[in-house]
>>> print(open('target-v3.tsv').read())   # TSV, C-alpha atoms
chain	number	residue	atom	x	y	z
A	1	MET	CA	-36.14	-25.27	52.00
A	2	ASN	CA	-35.66	-23.32	48.77
A	3	SER	CA	-36.71	-19.71	48.20
A	4	ILE	CA	-39.87	-18.79	46.29
A	5	SER	CA	-40.50	-16.05	43.75
A	6	ILE	CA	-44.08	-14.78	43.72
A	7	ILE	CA	-45.07	-13.02	40.49
A	8	ILE	CA	-48.05	-10.66	40.57
A	9	PRO	CA	-49.16	-8.90	37.36
A	10	ILE	CA	-50.93	-5.65	38.26
A	11	TYR	CA	-53.30	-3.49	36.27
A	12	ASN	CA	-55.55	-0.95	38.02
A	13	ALA	CA	-55.75	-3.10	41.14
A	14	GLU	CA	-55.65	-0.41	43.82
A	15	LYS	CA	-58.78	-1.79	45.53
A	16	TYR	CA	-57.17	-5.16	46.22
A	17	LEU	CA	-53.44	-4.65	46.67
A	18	GLU	CA	-53.28	-4.00	50.40
A	19	ARG	CA	-55.36	-7.13	51.06
A	20	THR	CA	-53.07	-9.18	48.81
A	21	PHE	CA	-49.93	-7.79	50.46
A	22	LEU	CA	-51.31	-8.64	53.91
A	23	CYS	CA	-51.89	-12.24	52.77
A	24	LEU	CA	-48.22	-12.42	51.76
A	25	LYS	CA	-46.85	-10.79	54.89
A	26	ASN	CA	-48.82	-13.28	57.00
A	27	GLN	CA	-47.30	-16.33	55.31
A	28	MET	CA	-45.82	-18.96	57.63
A	29	PHE	CA	-43.11	-19.54	55.00
A	30	THR	CA	-41.04	-16.35	54.87
A	31	ASP	CA	-38.16	-16.96	52.42
A	32	PHE	CA	-39.77	-15.37	49.39
A	33	GLU	CA	-39.59	-12.41	47.04
A	34	VAL	CA	-42.61	-10.70	45.49
A	35	LEU	CA	-42.24	-9.26	42.00
A	36	LEU	CA	-44.90	-6.61	41.44
A	37	ILE	CA	-45.18	-6.11	37.68
A	38	ASP	CA	-47.23	-2.99	37.00
A	39	ASP	CA	-48.65	-3.28	33.48
A	40	GLY	CA	-49.22	0.44	32.91
A	41	SER	CA	-51.82	1.03	35.64
A	42	LYS	CA	-53.74	4.32	35.50
A	43	ASP	CA	-54.90	4.32	39.14
A	44	ASN	CA	-52.92	4.45	42.40
A	45	SER	CA	-51.49	0.95	42.08
A	46	SER	CA	-47.95	2.24	41.55
A	47	LEU	CA	-48.04	4.33	44.74
A	48	ILE	CA	-49.31	1.39	46.81
A	49	CYS	CA	-46.67	-0.94	45.33
A	50	LYS	CA	-43.81	1.53	45.86
A	51	LYS	CA	-44.89	2.00	49.47
A	52	VAL	CA	-44.82	-1.70	50.30
A	53	ALA	CA	-41.49	-2.10	48.48
A	54	SER	CA	-39.98	0.68	50.62
A	55	GLU	CA	-41.24	-0.96	53.82
A	56	ASP	CA	-40.42	-4.62	53.08
A	57	ASN	CA	-37.38	-5.52	50.96
A	58	ARG	CA	-38.96	-8.80	49.89
A	59	PHE	CA	-41.28	-6.77	47.63
A	60	ARG	CA	-39.83	-5.46	44.35
A	61	TYR	CA	-41.73	-3.09	42.05
A	62	TYR	CA	-41.34	-2.92	38.27
A	63	TYR	CA	-43.24	-0.82	35.75
A	64	GLN	CA	-43.88	-1.68	32.11
A	65	GLU	CA	-45.93	0.04	29.43
A	66	ASN	CA	-49.25	-1.73	29.04
A	67	GLN	CA	-48.58	-5.01	27.22
A	68	GLY	CA	-50.98	-7.42	28.87
A	69	VAL	CA	-50.81	-10.10	31.54
A	70	SER	CA	-48.63	-12.46	29.46
A	71	ALA	CA	-45.84	-9.90	29.12
A	72	ALA	CA	-46.09	-9.05	32.82
A	73	ARG	CA	-45.73	-12.70	33.84
A	74	ASN	CA	-42.88	-13.25	31.38
A	75	ASN	CA	-41.02	-10.23	32.76
A	76	GLY	CA	-41.62	-11.51	36.27
A	77	VAL	CA	-40.06	-14.89	35.47
A	78	ALA	CA	-37.05	-13.20	33.83
A	79	LEU	CA	-36.50	-10.97	36.89
A	80	SER	CA	-37.08	-13.66	39.50
A	81	LYS	CA	-34.35	-15.25	41.60
A	82	GLY	CA	-36.12	-18.00	43.57
A	83	GLU	CA	-35.66	-21.73	43.04
A	84	TYR	CA	-39.43	-22.06	42.95
A	85	ILE	CA	-41.93	-19.79	41.17
A	86	THR	CA	-45.63	-19.18	41.78
A	87	PHE	CA	-48.15	-16.79	40.21
A	88	ILE	CA	-50.82	-14.85	42.09
A	89	ASP	CA	-53.42	-12.48	40.65
A	90	ALA	CA	-53.67	-9.13	42.41
A	91	ASP	CA	-57.33	-9.51	43.39
A	92	ASP	CA	-57.19	-13.04	44.83
A	93	ILE	CA	-56.54	-14.40	48.33
A	94	ILE	CA	-54.22	-17.06	49.79
A	95	PRO	CA	-54.28	-18.43	53.36
A	96	GLU	CA	-51.23	-18.14	55.62
A	97	ASN	CA	-50.09	-21.74	55.04
A	98	TYR	CA	-50.20	-21.44	51.23
A	99	LEU	CA	-46.47	-21.21	50.45
A	100	GLU	CA	-45.47	-23.63	53.18
A	101	VAL	CA	-47.84	-26.39	52.09
A	102	LEU	CA	-47.03	-26.06	48.38
A	103	SER	CA	-43.27	-26.03	48.97
A	104	GLU	CA	-43.39	-29.02	51.33
A	105	ALA	CA	-45.49	-30.96	48.83
A	106	LEU	CA	-42.98	-30.19	46.08
A	107	GLU	CA	-39.88	-31.08	48.09
A	108	ASN	CA	-41.20	-34.10	49.99
A	109	ASN	CA	-42.32	-35.76	46.77
A	110	CYS	CA	-39.46	-34.55	44.52
A	111	SER	CA	-42.06	-33.21	42.10
A	112	ALA	CA	-41.85	-30.80	39.18
A	113	ILE	CA	-45.03	-28.91	40.14
A	114	SER	CA	-47.28	-28.96	43.20
A	115	PHE	CA	-50.98	-28.07	42.95
A	116	CYS	CA	-53.56	-27.12	45.56
A	117	ASP	CA	-57.31	-26.60	45.76
A	118	VAL	CA	-58.91	-23.62	44.04
A	119	ALA	CA	-62.07	-22.15	45.55
A	120	ILE	CA	-64.14	-19.94	43.22
A	121	ILE	CA	-65.73	-17.22	45.36
A	122	LYS	CA	-68.58	-14.99	44.18
A	123	ASP	CA	-70.38	-12.52	46.45
A	124	GLY	CA	-68.71	-14.13	49.45
A	125	ASN	CA	-69.92	-17.66	48.61
A	126	GLU	CA	-67.96	-20.58	47.19
A	127	THR	CA	-69.52	-21.53	43.85
A	128	LYS	CA	-67.01	-24.17	42.68
A	129	ARG	CA	-63.95	-25.99	43.97
A	130	PHE	CA	-61.14	-27.71	42.10
A	131	THR	CA	-59.82	-30.45	44.39
A	132	LEU	CA	-58.10	-33.79	43.94
A	133	GLN	CA	-57.77	-36.66	46.41
A	134	LYS	CA	-54.87	-38.42	44.68
A	135	GLU	CA	-51.51	-37.05	45.84
A	136	ASN	CA	-48.91	-38.17	43.28
A	137	LEU	CA	-49.45	-38.16	39.53
A	138	ASN	CA	-47.43	-38.88	36.40
A	139	ARG	CA	-47.32	-36.71	33.28
A	140	LYS	CA	-50.23	-38.39	31.47
A	141	GLU	CA	-52.51	-38.28	34.51
A	142	THR	CA	-51.76	-34.62	35.09
A	143	LEU	CA	-52.26	-33.60	31.46
A	144	ASP	CA	-55.56	-35.51	31.33
A	145	LEU	CA	-56.81	-33.60	34.38
A	146	ILE	CA	-55.64	-30.19	33.13
A	147	LEU	CA	-57.09	-30.67	29.65
A	148	THR	CA	-60.43	-32.01	30.90
A	149	ARG	CA	-60.55	-29.17	33.48
A	150	GLU	CA	-62.16	-31.16	36.23
A	151	PHE	CA	-60.00	-31.53	39.34
A	152	ILE	CA	-57.04	-29.20	38.73
A	153	ASN	CA	-57.40	-25.54	37.78
A	154	SER	CA	-55.92	-25.04	34.30
A	155	GLY	CA	-54.27	-21.66	34.95
A	156	PRO	CA	-50.82	-20.90	36.45
A	157	CYS	CA	-52.18	-19.87	39.87
A	158	ALA	CA	-52.54	-22.40	42.72
A	159	LYS	CA	-49.30	-24.04	41.57
A	160	LEU	CA	-45.65	-24.00	42.58
A	161	PHE	CA	-43.17	-24.61	39.74
A	162	ARG	CA	-39.53	-25.61	39.88
A	163	ARG	CA	-37.61	-22.79	38.27
A	164	GLU	CA	-35.75	-24.97	35.77
A	165	LEU	CA	-39.07	-26.23	34.42
A	166	ILE	CA	-40.35	-22.84	33.22
A	167	LYS	CA	-37.33	-20.52	32.98
A	168	GLU	CA	-37.30	-20.88	29.17
A	169	SER	CA	-41.09	-20.94	28.73
A	170	LYS	CA	-43.19	-17.95	27.68
A	171	PHE	CA	-46.81	-16.96	28.07
A	172	LEU	CA	-48.01	-16.26	24.54
A	173	PRO	CA	-49.40	-12.75	23.79
A	174	LEU	CA	-52.98	-13.98	23.58
A	175	LYS	CA	-56.19	-12.67	25.18
A	176	ALA	CA	-57.44	-16.16	26.01
A	177	TYR	CA	-56.04	-19.57	26.99
A	178	GLU	CA	-52.45	-18.29	27.19
A	179	ASP	CA	-52.51	-19.65	30.75
A	180	ILE	CA	-53.46	-23.25	29.95
A	181	LEU	CA	-50.98	-23.33	27.04
A	182	PHE	CA	-48.21	-22.32	29.46
A	183	VAL	CA	-49.26	-24.89	32.06
A	184	VAL	CA	-49.52	-27.71	29.50
A	185	GLU	CA	-46.03	-26.91	28.20
A	186	ALA	CA	-44.64	-26.94	31.75
A	187	ILE	CA	-46.29	-30.25	32.65
A	188	ASN	CA	-45.02	-31.82	29.45
A	189	LYS	CA	-41.45	-31.11	30.62
A	190	GLY	CA	-41.90	-32.87	33.97
A	191	ASP	CA	-42.33	-36.46	35.14
A	192	LYS	CA	-43.83	-36.30	38.64
A	193	PHE	CA	-46.47	-33.98	40.09
A	194	THR	CA	-48.10	-33.58	43.49
A	195	SER	CA	-51.55	-32.41	44.52
A	196	THR	CA	-52.46	-31.27	48.03
A	197	ASN	CA	-55.77	-30.22	49.55
A	198	LYS	CA	-54.16	-28.89	52.73
A	199	THR	CA	-54.32	-25.34	51.41
A	200	GLU	CA	-56.24	-23.43	48.76
A	201	TYR	CA	-56.15	-20.52	46.35
A	202	ARG	CA	-59.22	-18.30	46.59
A	203	TYR	CA	-60.21	-16.92	43.20
A	204	LEU	CA	-62.59	-14.00	43.66
A	205	GLN	CA	-64.91	-13.57	40.69
A	206	ASN	CA	-65.35	-9.96	39.66
A	207	SER	CA	-68.15	-8.89	37.33
A	208	GLY	CA	-65.93	-6.19	35.84
A	209	SER	CA	-62.98	-8.48	35.19
A	210	ALA	CA	-61.24	-8.97	31.86
A	211	MET	CA	-62.70	-12.49	31.59
A	212	SER	CA	-66.21	-11.15	32.15
A	213	SER	CA	-65.82	-8.71	29.28
A	214	PHE	CA	-64.16	-11.38	27.16
A	215	LYS	CA	-67.25	-13.58	27.44
A	216	LYS	CA	-69.34	-10.77	25.95
A	217	VAL	CA	-66.97	-10.11	23.04
A	218	PRO	CA	-64.87	-13.24	22.38
A	219	SER	CA	-61.45	-12.78	20.88
A	220	GLU	CA	-60.30	-14.91	17.96
A	221	ASP	CA	-57.30	-15.76	20.15
A	222	ILE	CA	-59.43	-18.46	21.76
A	223	ILE	CA	-59.61	-20.21	18.37
A	224	THR	CA	-55.85	-19.88	17.85
A	225	ALA	CA	-55.22	-21.34	21.30
A	226	THR	CA	-57.76	-24.12	20.81
A	227	ASP	CA	-55.97	-25.11	17.60
A	228	LYS	CA	-52.65	-25.32	19.50
A	229	LEU	CA	-54.22	-27.45	22.25
A	230	ILE	CA	-55.81	-29.83	19.75
A	231	LEU	CA	-52.52	-30.25	17.90
A	232	PHE	CA	-50.81	-31.06	21.21
A	233	ILE	CA	-53.51	-33.61	22.07
A	234	LYS	CA	-53.23	-35.25	18.64
A	235	GLU	CA	-49.45	-35.49	19.00
A	236	ASN	CA	-49.77	-37.14	22.42
A	237	LYS	CA	-51.95	-40.09	21.53
A	238	GLU	CA	-51.74	-41.59	25.02
A	239	LEU	CA	-53.98	-38.83	26.38
A	240	SER	CA	-57.63	-39.52	27.14
A	241	PRO	CA	-60.04	-38.87	24.23
A	242	ASP	CA	-61.93	-36.66	26.70
A	243	CYS	CA	-59.13	-34.08	26.30
A	244	PHE	CA	-60.08	-33.44	22.69
A	245	TYR	CA	-63.80	-33.50	23.44
A	246	ILE	CA	-63.58	-30.98	26.30
A	247	THR	CA	-61.25	-28.68	24.35
A	248	ALA	CA	-63.62	-28.64	21.36
A	249	SER	CA	-66.62	-28.18	23.64
A	250	HIS	CA	-65.17	-25.13	25.38
A	251	LEU	CA	-64.80	-23.33	22.08
A	252	MET	CA	-68.34	-24.33	21.07
A	253	GLN	CA	-69.70	-22.62	24.20
A	254	TYR	CA	-68.31	-19.31	22.91
A	255	VAL	CA	-69.66	-20.03	19.42
A	256	LEU	CA	-73.17	-20.65	20.78
A	257	GLY	CA	-73.05	-17.36	22.64
A	258	THR	CA	-71.99	-15.48	19.52
A	259	ALA	CA	-73.68	-17.23	16.57
A	260	GLU	CA	-76.88	-15.16	16.54
A	261	LYS	CA	-75.10	-11.81	16.65
A	262	SER	CA	-74.85	-9.92	13.37
A	263	ASP	CA	-71.88	-7.59	13.93
A	264	ASP	CA	-68.75	-8.18	11.84
A	265	LYS	CA	-66.56	-9.22	14.76
A	266	SER	CA	-69.01	-11.91	15.89
A	267	LYS	CA	-69.45	-13.22	12.35
A	268	ALA	CA	-65.67	-13.39	11.88
A	269	PHE	CA	-65.31	-15.33	15.14
A	270	VAL	CA	-67.99	-17.85	14.21
A	271	ASN	CA	-66.65	-18.40	10.70
A	272	LYS	CA	-63.08	-18.88	11.93
A	273	ALA	CA	-64.39	-21.44	14.44
A	274	ARG	CA	-66.18	-23.23	11.59
A	275	LYS	CA	-62.88	-23.53	9.73
A	276	LEU	CA	-61.23	-24.99	12.82
A	277	TYR	CA	-63.92	-27.64	13.27
A	278	SER	CA	-63.72	-28.40	9.55
A	279	LYS	CA	-59.98	-28.98	9.96
A	280	TYR	CA	-60.63	-31.57	12.66
A	281	LYS	CA	-63.95	-33.05	11.48
A	282	ARG	CA	-62.43	-36.52	10.97
A	283	ASP	CA	-61.13	-36.45	14.52
A	284	ILE	CA	-64.57	-35.44	15.80
A	285	ILE	CA	-66.17	-38.34	13.93
A	286	SER	CA	-63.65	-40.89	15.25
A	287	ASN	CA	-63.46	-39.61	18.84
A	288	LYS	CA	-65.45	-41.90	21.13
A	289	SER	CA	-66.01	-39.20	23.77
A	290	PHE	CA	-68.37	-37.24	21.49
A	291	PRO	CA	-72.00	-38.46	21.79
A	292	TRP	CA	-73.34	-39.19	18.33
A	293	LYS	CA	-75.92	-36.37	18.57
A	294	GLU	CA	-73.13	-33.88	19.26
A	295	LYS	CA	-71.13	-35.21	16.32
A	296	ILE	CA	-74.12	-34.35	14.11
A	297	THR	CA	-74.31	-30.80	15.50
A	298	TYR	CA	-70.58	-30.23	14.97
A	299	LEU	CA	-70.69	-31.51	11.39
A	300	ALA	CA	-73.79	-29.42	10.72
A	301	PHE	CA	-71.92	-26.38	11.98
A	302	VAL	CA	-69.06	-27.12	9.58
A	303	CYS	CA	-71.71	-27.09	6.81
A	304	GLY	CA	-73.03	-23.70	7.94
A	305	PHE	CA	-75.85	-24.59	10.36
A	306	ILE	CA	-75.87	-24.24	14.13
A	307	TYR	CA	-78.19	-25.93	16.63
A	308	ILE	CA	-79.78	-23.24	18.82
A	309	ASN	CA	-83.07	-23.37	20.74
A	310	ARG	CA	-83.69	-26.95	19.60
A	311	LYS	CA	-83.45	-26.19	15.91
A	312	PHE	CA	-80.83	-25.76	13.21
A	313	VAL	CA	-80.39	-22.22	11.90
A	314	LYS	CA	-78.14	-20.91	9.17
A	315	VAL	CA	-74.95	-19.25	10.38
A	316	ASN	CA	-74.54	-15.55	9.61
A	317	LYS	CA	-71.69	-15.07	7.11
>>> encode(input="target-v3.tsv", output="C-alpha cells")
Amino acid sequence: MNSISIIIPIYNAEKYLERTFLCLKNQMFTDFEVLLIDDGSKDNSSLICKKVASEDNRFRYYYQENQGVSAARNNGVALSKGEYITFIDADDIIPENYLEVLSEALENNCSAISFCDVAIIKDGNETKRFTLQKENLNRKETLDLILTREFINSGPCAKLFRRELIKESKFLPLKAYEDILFVVEAINKGDKFTSTNKTEYRYLQNSGSAMSSFKKVPSEDIITATDKLILFIKENKELSPDCFYITASHLMQYVLGTAEKSDDKSKAFVNKARKLYSKYKRDIISNKSFPWKEKITYLAFVCGFIYINRKFVKVNK
C-alpha cells in the first residue's frame, strides 16, 4: 500500500492540535507523513508542533509568514513525498480507520480520488451528514454531486487524492470557494472515483471560525469564484442544469444577507453580484432548474430590485 502525505494548515490552533495529533497517532494505517504548515500563528501552535515533530519523525513542521490557507496547502503539496495526499484542518477529528479505509477504497477500485462521509458537529451534536450509497462514479457523476453540494462535501477534506492528479494544481489566493475550485479541477483530471461510508471526517463547527466571520462580512472573492464555477459549468454542457442553479443560489444567499446594509463594502458586494447575474441572465432564463418565480427575482435583481420580506425593494447603490 502506498504512503500518504497529510497536509494540515495551522493558524492559532493551539487548543486543538494535541487532539488532532492523537487522532493521527492512533491511525491503523501507519505509513504516512504529516506536514504541519504554520501560517504565521501568534499563539503556542509552533511550540506544540515542534514538540510532536521532535517526538515522532512522521511529523514535519514548517513555518511561513501569514499568507492564508491556500498558500499553506500549496506549500504542503510542494513539500510532500507521499503517493497519496489528504488534507485535514487543525480543529477537526478523524477516526482511527480513516486513512486505511480511504486508501483501500482508492487502491481496490483504481480510482483517482476516494471520498468518505462528512459529519458536521456543533455543540457535540451532528447537524448534517454528507454521505453517498453509490460506490463507484465517473467524472460527470462526481462533478454533478460536488457542484450541487448534496452527497459529497465540496472541500478538499474527507478525500484522498492520487499525487499525480494534484501535484501541478494550486489553491487560488481567495477568501472563499478556493476549496471547491481546487476539487473541481482535480476531479476534471480523473476518470474514476470511489465513495465509502465506512469511515468519516468530523467537521467541528466553531462560532469564531473564519467562515463564521466571512458570513457576516462577505468577501468579493465569492463572486470571483462563482464566476469561475459558472464558466466551468457552461463549458461542460453534459453537467446537470442543477449545477448552475445551485451555484447561482449559493451566491444569492450571501446577497440576501447583505442587501439591506448601507456600508460601502456591502454595497460594493451587492452591485458586483448584480453585474455577475446580468452577465448570465440569458442562462438563468433558459435553465430549467430555476423555478419561474425565482427567475423573476433574479432578473429583478439585475434591474436593481431585490425580493426581501415578501416585497421588492430598491438595491442600495
>>> residues_around(input="target-v3.tsv", residues="Tyr177 of chain A", least_positions_apart="4", cutoff="12 Å", atoms="only C-alpha atoms", output="VMD selection string")
chain A and resid 69 to 70 147 154 to 156 171 to 173 181 to 184 211 214 218 to 229 247 250 to 251
>>> atom_distance(input="target-v3.tsv", atom1="atom CA of Lys281 of chain A", atom2="atom CA of Ser262 of chain A")
25.6 Å
>>> atom_distance(input="target-v3.tsv", atom1="atom CA of Val255 of chain A", atom2="atom CA of Cys303 of chain A")
14.6 Å
>>> closest_atom_pairs(input="target-v3.tsv", of="segment 266-307 of chain A", to="segment 231-240 of chain A", cutoff="10 Å", atoms="all atoms listed in the file", output="Markdown table")
| residue | atom | partner | partner_atom | distance |
| --- | --- | --- | --- | --- |
| A:Tyr280 | CA | A:Leu231 | CA | 9.7 |
| A:Asp283 | CA | A:Lys234 | CA | 9.0 |
| A:Ser289 | CA | A:Ser240 | CA | 9.0 |
>>> closest_residue(input="target-v3.tsv", among="A:Leu132, A:Val34, A:Cys110, A:Met252", to="Glu150 of chain A", atoms="only C-alpha atoms")
A:Leu132
>>> residues_around(input="target-v3.tsv", residues="segment 44-51 of chain A", least_positions_apart="3", cutoff="7 Å", atoms="only C-alpha atoms", output="mmCIF file with C-alpha atoms, in the frame of the given file")
data_model
loop_
_atom_site.group_PDB
_atom_site.id
_atom_site.type_symbol
_atom_site.label_atom_id
_atom_site.label_comp_id
_atom_site.auth_asym_id
_atom_site.auth_seq_id
_atom_site.Cartn_x
_atom_site.Cartn_y
_atom_site.Cartn_z
ATOM 1 C CA ASN A 12 -55.550 -0.950 38.020
ATOM 2 C CA ALA A 13 -55.750 -3.100 41.140
ATOM 3 C CA GLU A 14 -55.650 -0.410 43.820
ATOM 4 C CA ASP A 38 -47.230 -2.990 37.000
ATOM 5 C CA SER A 41 -51.820 1.030 35.640
ATOM 6 C CA SER A 54 -39.980 0.680 50.620
ATOM 7 C CA GLU A 55 -41.240 -0.960 53.820
ATOM 8 C CA TYR A 61 -41.730 -3.090 42.050
#
>>> closest_residue(input="target-v3.tsv", among="A:Thr30, A:Asn138, A:Ser195, A:Gln64", to="Asn2 of chain A", atoms="all atoms listed in the file")
A:Thr30
>>> closest_residue(input="target-v3.tsv", among="A:Val52, A:Tyr201, A:Leu174, A:Leu137", to="Cys116 of chain A", atoms="only C-alpha atoms")
A:Tyr201
>>> atom_distance(input="target-v3.tsv", atom1="atom CA of Asn136 of chain A", atom2="atom CA of Phe115 of chain A")
10.3 Å
>>> residues_around(input="target-v3.tsv", residues="segment 267-271 of chain A", least_positions_apart="2", cutoff="10 Å", atoms="only C-alpha atoms", output="VMD selection string")
chain A and resid 217 to 223 252 254 to 265 273 to 277 301 to 302 304 315 to 317
>>> closest_residue(input="target-v3.tsv", among="A:Asn26, A:Ser3, A:Ser249, A:Asn97", to="Thr148 of chain A", atoms="all atoms listed in the file")
A:Ser249
>>> closest_residue(input="target-v3.tsv", among="A:Arg149, A:Lys167, A:Lys134, A:Arg58", to="Tyr245 of chain A", atoms="all atoms listed in the file")
A:Arg149
>>> closest_residue(input="target-v3.tsv", among="A:Phe29, A:Phe290, A:Phe87, A:Phe312", to="Asp179 of chain A", atoms="all atoms listed in the file")
A:Phe87
>>> residues_around(input="target-v3.tsv", residues="Leu165 of chain A", least_positions_apart="3", cutoff="7 Å", atoms="only C-alpha atoms", output="PyMOL selection string")
chain A and resi 161-162+186+189
>>> residues_near_point(input="target-v3.tsv", point="(-53.4, -8.3, 50.6)", cutoff="9 Å", atoms="all atoms listed in the file", output="ChimeraX atom specification")
/A:16-25,90-94
>>> residues_around(input="target-v3.tsv", residues="segment 121-124 of chain A", least_positions_apart="4", cutoff="9 Å", atoms="only C-alpha atoms", output="VMD selection string")
chain A and resid 128 202 to 206
>>> build_atoms(input="target-v3.tsv", residues="segment 99-111 of chain A", atoms="N, CA, C and O atoms", output="PDB file, in the frame of the given file")
ATOM      1  N   LEU A  99     -47.824 -20.956  50.949  1.00  0.00           N
ATOM      2  CA  LEU A  99     -46.470 -21.210  50.450  1.00  0.00           C
ATOM      3  C   LEU A  99     -45.828 -22.397  51.147  1.00  0.00           C
ATOM      4  O   LEU A  99     -45.128 -23.204  50.515  1.00  0.00           O
ATOM      5  N   GLU A 100     -46.066 -22.532  52.431  1.00  0.00           N
ATOM      6  CA  GLU A 100     -45.470 -23.630  53.180  1.00  0.00           C
ATOM      7  C   GLU A 100     -45.966 -24.986  52.685  1.00  0.00           C
ATOM      8  O   GLU A 100     -45.173 -25.902  52.434  1.00  0.00           O
ATOM      9  N   VAL A 101     -47.265 -25.109  52.519  1.00  0.00           N
ATOM     10  CA  VAL A 101     -47.840 -26.390  52.090  1.00  0.00           C
ATOM     11  C   VAL A 101     -47.395 -26.747  50.674  1.00  0.00           C
ATOM     12  O   VAL A 101     -46.996 -27.890  50.400  1.00  0.00           O
ATOM     13  N   LEU A 102     -47.436 -25.783  49.761  1.00  0.00           N
ATOM     14  CA  LEU A 102     -47.030 -26.060  48.380  1.00  0.00           C
ATOM     15  C   LEU A 102     -45.556 -26.437  48.281  1.00  0.00           C
ATOM     16  O   LEU A 102     -45.184 -27.351  47.533  1.00  0.00           O
ATOM     17  N   SER A 103     -44.700 -25.737  49.037  1.00  0.00           N
ATOM     18  CA  SER A 103     -43.270 -26.030  48.970  1.00  0.00           C
ATOM     19  C   SER A 103     -42.942 -27.384  49.606  1.00  0.00           C
ATOM     20  O   SER A 103     -42.106 -28.138  49.089  1.00  0.00           O
ATOM     21  N   GLU A 104     -43.609 -27.711  50.706  1.00  0.00           N
ATOM     22  CA  GLU A 104     -43.390 -29.020  51.330  1.00  0.00           C
ATOM     23  C   GLU A 104     -43.867 -30.145  50.417  1.00  0.00           C
ATOM     24  O   GLU A 104     -43.205 -31.183  50.301  1.00  0.00           O
ATOM     25  N   ALA A 105     -44.984 -29.941  49.757  1.00  0.00           N
ATOM     26  CA  ALA A 105     -45.490 -30.960  48.830  1.00  0.00           C
ATOM     27  C   ALA A 105     -44.523 -31.182  47.679  1.00  0.00           C
ATOM     28  O   ALA A 105     -44.275 -32.321  47.260  1.00  0.00           O
ATOM     29  N   LEU A 106     -43.933 -30.102  47.194  1.00  0.00           N
ATOM     30  CA  LEU A 106     -42.980 -30.190  46.080  1.00  0.00           C
ATOM     31  C   LEU A 106     -41.721 -30.919  46.511  1.00  0.00           C
ATOM     32  O   LEU A 106     -41.262 -31.853  45.833  1.00  0.00           O
ATOM     33  N   GLU A 107     -41.164 -30.521  47.642  1.00  0.00           N
ATOM     34  CA  GLU A 107     -39.880 -31.080  48.090  1.00  0.00           C
ATOM     35  C   GLU A 107     -40.024 -32.510  48.605  1.00  0.00           C
ATOM     36  O   GLU A 107     -39.201 -33.375  48.278  1.00  0.00           O
ATOM     37  N   ASN A 108     -41.046 -32.771  49.398  1.00  0.00           N
ATOM     38  CA  ASN A 108     -41.200 -34.100  49.990  1.00  0.00           C
ATOM     39  C   ASN A 108     -41.443 -35.180  48.952  1.00  0.00           C
ATOM     40  O   ASN A 108     -41.137 -36.354  49.175  1.00  0.00           O
ATOM     41  N   ASN A 109     -42.003 -34.789  47.818  1.00  0.00           N
ATOM     42  CA  ASN A 109     -42.320 -35.760  46.770  1.00  0.00           C
ATOM     43  C   ASN A 109     -41.406 -35.644  45.553  1.00  0.00           C
ATOM     44  O   ASN A 109     -41.611 -36.332  44.557  1.00  0.00           O
ATOM     45  N   CYS A 110     -40.404 -34.757  45.639  1.00  0.00           N
ATOM     46  CA  CYS A 110     -39.460 -34.550  44.520  1.00  0.00           C
ATOM     47  C   CYS A 110     -40.204 -34.310  43.206  1.00  0.00           C
ATOM     48  O   CYS A 110     -39.882 -34.906  42.165  1.00  0.00           O
ATOM     49  N   SER A 111     -41.196 -33.442  43.258  1.00  0.00           N
ATOM     50  CA  SER A 111     -42.060 -33.210  42.100  1.00  0.00           C
ATOM     51  C   SER A 111     -41.612 -32.007  41.281  1.00  0.00           C
ATOM     52  O   SER A 111     -40.857 -31.159  41.746  1.00  0.00           O
TER      53      SER A 111
END
